[in-house]
Amino acid sequence: MQQSFDLFFVSSNYHKYQEAKKILQSFGIVLGFFKYDLEEIQSSSLKEIALKKAVQAFQKCKKPIMIEDDGLFIDSLFGFPGPYSSYVFKTIGNEGILRLLKLNRKAKFVSIISFCDEKNHKSFEAKIDGHISKTENGKGWGYDPIFIPKNMKKTFAELNNKNELSHRYKALKKFSNWYLHKMKSDDQ
Ligand code: ITT
């Protein structure tokens, strides 16, 4: 039997959906997937990009949706790749990033979750500090093999509890608090 969903994650990236689905499951929220390659505006602000993606996703899906926009910000590169993280990963990749870095390897991952339905548009932002490893370690998607969260020795790709501490987890936790409260008051 086909499952029906109250909320859809609109993205071209199945890895992001899989993680978001697992995380939201732990808060009692069931998340469907609507695979769609959203157009991304050129902007230095993740928030602005997320806002446009959410509106576009709702117009396309016509159901309550969420989108996520992420960025890896590297201190010594003045925040690069930031809003260009997707493009940079597809072009120079982890190998290229490692070649660019010298002593200062501090970095952060930022996630913006944007929810949109007929009445609401809300965004939730979170970050995780860390640094870039010297080599690629572990088998993971995206920048997971090179990102080491603060106070840890292993990359996201090597950790088995990424979904309990990541930028995505933190933003989705904020979202869940708001969403579950909203569902309760919608019911009354
Ligand atoms: P959308 O269709 O949802 O936009 P995308 O892959 O283009 O998918 P983003 O622009 O939000 O998504 O993400 C930027 C890139 O950052 C993404 O393509 C990954 O390479 C990387 N990334 C984001 N979150 C990550 C994570 O948790 N672990 C590793 N890499 C991540």
# chains A, B, ... in the order shown; residues from 1 in each chain; ligands from 1

call {"tool": "select_by_dssp", "arguments": {"residues": "region 25-182 of chain A", "states": "strand (DSSP E)", "output": "ChimeraX atom specification"}}
result
/A:31-35,65-74,81-82,106-116,121-132,147-149

call {"tool": "write_last_selection", "arguments": {"atoms": "N, CA and C atoms", "output": "short mmCIF file (atom, residue, chain, number, x, y, z; two decimals), in the first residue's frame"}}
result
data_model
loop_
_atom_site.label_atom_id
_atom_site.label_comp_id
_atom_site.auth_asym_id
_atom_site.auth_seq_id
_atom_site.Cartn_x
_atom_site.Cartn_y
_atom_site.Cartn_z
N LEU A 31 8.21 12.02 6.91
CA LEU A 31 8.62 12.92 5.82
C LEU A 31 8.66 12.18 4.49
N GLY A 32 7.95 12.73 3.49
CA GLY A 32 8.00 12.16 2.14
C GLY A 32 9.07 12.85 1.32
N PHE A 33 9.39 12.26 0.15
CA PHE A 33 10.43 12.84 -0.72
C PHE A 33 9.80 13.28 -2.03
N PHE A 34 10.09 14.51 -2.43
CA PHE A 34 9.65 15.01 -3.73
C PHE A 34 10.93 15.41 -4.46
N LYS A 35 11.38 14.53 -5.36
CA LYS A 35 12.68 14.78 -6.01
C LYS A 35 12.51 15.87 -7.07
N ILE A 65 5.66 21.73 2.41
CA ILE A 65 7.00 21.25 2.04
C ILE A 65 8.07 21.83 2.96
N MET A 66 9.23 21.17 2.93
CA MET A 66 10.43 21.80 3.48
C MET A 66 11.56 21.63 2.47
N ILE A 67 12.44 22.61 2.46
CA ILE A 67 13.66 22.49 1.68
C ILE A 67 14.82 22.76 2.64
N GLU A 68 16.00 22.40 2.21
CA GLU A 68 17.17 22.70 3.04
C GLU A 68 18.26 23.31 2.18
N ASP A 69 18.87 24.36 2.67
CA ASP A 69 20.04 24.88 1.98
C ASP A 69 21.22 24.85 2.96
N ASP A 70 22.32 24.26 2.49
CA ASP A 70 23.49 24.09 3.35
C ASP A 70 24.69 24.81 2.79
N GLY A 71 25.64 25.07 3.65
CA GLY A 71 26.91 25.61 3.19
C GLY A 71 28.03 25.22 4.13
N LEU A 72 29.18 24.92 3.53
CA LEU A 72 30.40 24.68 4.30
C LEU A 72 31.22 25.96 4.22
N PHE A 73 31.47 26.58 5.36
CA PHE A 73 32.19 27.86 5.41
C PHE A 73 33.57 27.65 6.01
N ILE A 74 34.62 27.91 5.23
CA ILE A 74 35.99 27.67 5.69
C ILE A 74 36.66 29.01 6.01
N PRO A 81 33.48 27.45 0.54
CA PRO A 81 32.56 27.66 -0.57
C PRO A 81 31.19 28.21 -0.17
N GLY A 82 30.82 28.20 1.12
CA GLY A 82 29.56 28.82 1.57
C GLY A 82 28.38 28.49 0.67
N LYS A 106 40.00 25.74 10.32
CA LYS A 106 38.69 25.92 10.97
C LYS A 106 37.58 26.10 9.94
N ALA A 107 36.42 25.50 10.23
CA ALA A 107 35.29 25.58 9.29
C ALA A 107 33.99 25.37 10.06
N LYS A 108 32.88 25.70 9.39
CA LYS A 108 31.58 25.37 9.99
C LYS A 108 30.62 24.94 8.88
N PHE A 109 29.67 24.11 9.27
CA PHE A 109 28.59 23.71 8.38
C PHE A 109 27.34 24.43 8.83
N VAL A 110 26.62 25.03 7.91
CA VAL A 110 25.37 25.72 8.25
C VAL A 110 24.22 25.07 7.49
N SER A 111 23.10 24.91 8.19
CA SER A 111 21.89 24.38 7.54
C SER A 111 20.74 25.35 7.74
N ILE A 112 20.01 25.60 6.68
CA ILE A 112 18.76 26.35 6.81
C ILE A 112 17.63 25.47 6.32
N ILE A 113 16.68 25.24 7.21
CA ILE A 113 15.49 24.48 6.84
C ILE A 113 14.37 25.49 6.66
N SER A 114 13.73 25.45 5.50
CA SER A 114 12.60 26.36 5.26
C SER A 114 11.34 25.56 5.01
N PHE A 115 10.32 25.91 5.78
CA PHE A 115 9.01 25.25 5.65
C PHE A 115 8.06 26.21 4.94
N CYS A 116 7.21 25.66 4.09
CA CYS A 116 6.22 26.52 3.41
C CYS A 116 4.92 25.74 3.21
N HIS A 121 5.39 30.59 6.26
CA HIS A 121 6.73 30.40 5.71
C HIS A 121 7.72 30.67 6.83
N LYS A 122 8.41 29.62 7.27
CA LYS A 122 9.31 29.76 8.41
C LYS A 122 10.65 29.12 8.11
N SER A 123 11.72 29.77 8.60
CA SER A 123 13.06 29.20 8.40
C SER A 123 13.74 28.95 9.74
N PHE A 124 14.57 27.94 9.77
CA PHE A 124 15.27 27.54 11.00
C PHE A 124 16.73 27.31 10.64
N GLU A 125 17.61 27.99 11.36
CA GLU A 125 19.03 27.94 11.01
C GLU A 125 19.84 27.31 12.13
N ALA A 126 20.85 26.55 11.78
CA ALA A 126 21.75 25.99 12.79
C ALA A 126 23.12 25.76 12.18
N LYS A 127 24.13 25.67 13.06
CA LYS A 127 25.48 25.44 12.55
C LYS A 127 26.22 24.47 13.45
N ILE A 128 27.25 23.89 12.87
CA ILE A 128 28.16 23.09 13.70
C ILE A 128 29.59 23.53 13.35
N ASP A 129 30.35 23.84 14.40
CA ASP A 129 31.75 24.24 14.19
C ASP A 129 32.62 23.00 14.07
N GLY A 130 33.77 23.20 13.44
CA GLY A 130 34.69 22.08 13.32
C GLY A 130 35.91 22.48 12.53
N HIS A 131 36.56 21.48 11.92
CA HIS A 131 37.68 21.80 11.03
C HIS A 131 37.78 20.79 9.91
N ILE A 132 38.61 21.13 8.94
CA ILE A 132 38.79 20.27 7.77
C ILE A 132 39.99 19.35 8.02
N PHE A 147 35.11 16.68 6.98
CA PHE A 147 34.66 17.59 8.05
C PHE A 147 34.69 16.90 9.42
N ILE A 148 35.48 17.48 10.33
CA ILE A 148 35.59 16.94 11.70
C ILE A 148 34.90 17.91 12.67
N PRO A 149 33.80 17.49 13.31
CA PRO A 149 33.13 18.40 14.25
C PRO A 149 34.03 18.73 15.44
#

call {"tool": "residues_near_ligand", "arguments": {"ligand": "ligand 1", "cutoff": "6 Å", "atoms": "only C-alpha atoms and all ligand atoms", "output": "ChimeraX atom specification"}}
result
/A:11-13,37-38,68-71,85-86,89,141-144

call {"tool": "closest_residue", "arguments": {"among": "A:Tyr84, A:Val10, A:His167, A:His15", "to": "Gln56 (chain A)", "atoms": "only C-alpha atoms"}}
result
A:Val10

call {"tool": "residues_around", "arguments": {"residues": "region 95-101 of chain A", "least_positions_apart": "5", "cutoff": "8 Å", "atoms": "only C-alpha atoms", "output": "list in words"}}
result
Ser76, Ile132, Ser133, Lys134, Thr135 and Glu136 of chain A

call {"tool": "write_last_selection", "arguments": {"atoms": "all heavy atoms", "output": "short mmCIF file (atom, residue, chain, number, x, y, z; two decimals), in the first residue's frame"}}
result
data_model
loop_
_atom_site.label_atom_id
_atom_site.label_comp_id
_atom_site.auth_asym_id
_atom_site.auth_seq_id
_atom_site.Cartn_x
_atom_site.Cartn_y
_atom_site.Cartn_z
N SER A 76 39.76 30.18 6.62
CA SER A 76 40.93 30.71 5.90
C SER A 76 40.62 31.04 4.44
O SER A 76 41.41 31.70 3.77
CB SER A 76 42.10 29.73 5.98
OG SER A 76 41.72 28.53 5.35
N ILE A 132 38.61 21.13 8.94
CA ILE A 132 38.79 20.27 7.77
C ILE A 132 39.99 19.35 8.02
O ILE A 132 41.06 19.82 8.42
CB ILE A 132 39.03 21.11 6.48
CG1 ILE A 132 37.87 22.10 6.25
CG2 ILE A 132 39.24 20.23 5.26
CD1 ILE A 132 36.51 21.49 5.98
N SER A 133 39.79 18.07 7.78
CA SER A 133 40.86 17.08 8.01
C SER A 133 41.99 17.27 6.99
O SER A 133 41.83 18.00 6.00
CB SER A 133 40.27 15.68 7.89
OG SER A 133 39.67 15.55 6.61
N LYS A 134 43.11 16.58 7.23
CA LYS A 134 44.25 16.73 6.29
C LYS A 134 44.09 15.79 5.10
O LYS A 134 44.62 16.04 4.02
CB LYS A 134 45.55 16.45 7.03
CG LYS A 134 45.80 17.53 8.07
CD LYS A 134 47.28 17.68 8.40
CE LYS A 134 47.46 18.93 9.24
NZ LYS A 134 47.99 18.69 10.56
N THR A 135 43.36 14.69 5.32
CA THR A 135 43.11 13.75 4.22
C THR A 135 41.63 13.37 4.25
O THR A 135 40.94 13.64 5.25
CB THR A 135 43.92 12.44 4.40
OG1 THR A 135 43.60 11.92 5.69
CG2 THR A 135 45.41 12.68 4.29
N GLU A 136 41.17 12.72 3.20
CA GLU A 136 39.78 12.23 3.20
C GLU A 136 39.72 10.98 4.06
O GLU A 136 40.48 10.04 3.86
CB GLU A 136 39.34 11.89 1.77
CG GLU A 136 39.11 13.12 0.92
CD GLU A 136 38.53 12.77 -0.44
OE1 GLU A 136 37.44 12.19 -0.50
OE2 GLU A 136 39.20 13.10 -1.44
#

call {"tool": "atom_distance", "arguments": {"atom1": "CA of Lys21 (chain A)", "atom2": "CA of Asn160 (chain A)"}}
result
16.4 Å

call {"tool": "select_by_dssp", "arguments": {"residues": "region 53-179 of chain A", "states": "alpha helix (DSSP H)", "output": "ChimeraX atom specification"}}
result
/A:53-61,85-91,93-100,167-179

call {"tool": "atom_distance", "arguments": {"atom1": "CA of Gln25 (chain A)", "atom2": "CA of Lys60 (chain A)"}}
result
24.5 Å

call {"tool": "atom_distance", "arguments": {"atom1": "CA of Gly140 (chain A)", "atom2": "CA of Glu19 (chain A)"}}
result
12.2 Å

call {"tool": "closest_residue", "arguments": {"among": "A:Val88, A:Glu48, A:Ile29, A:Leu165", "to": "Met152 (chain A)", "atoms": "only C-alpha atoms"}}
result
A:Leu165
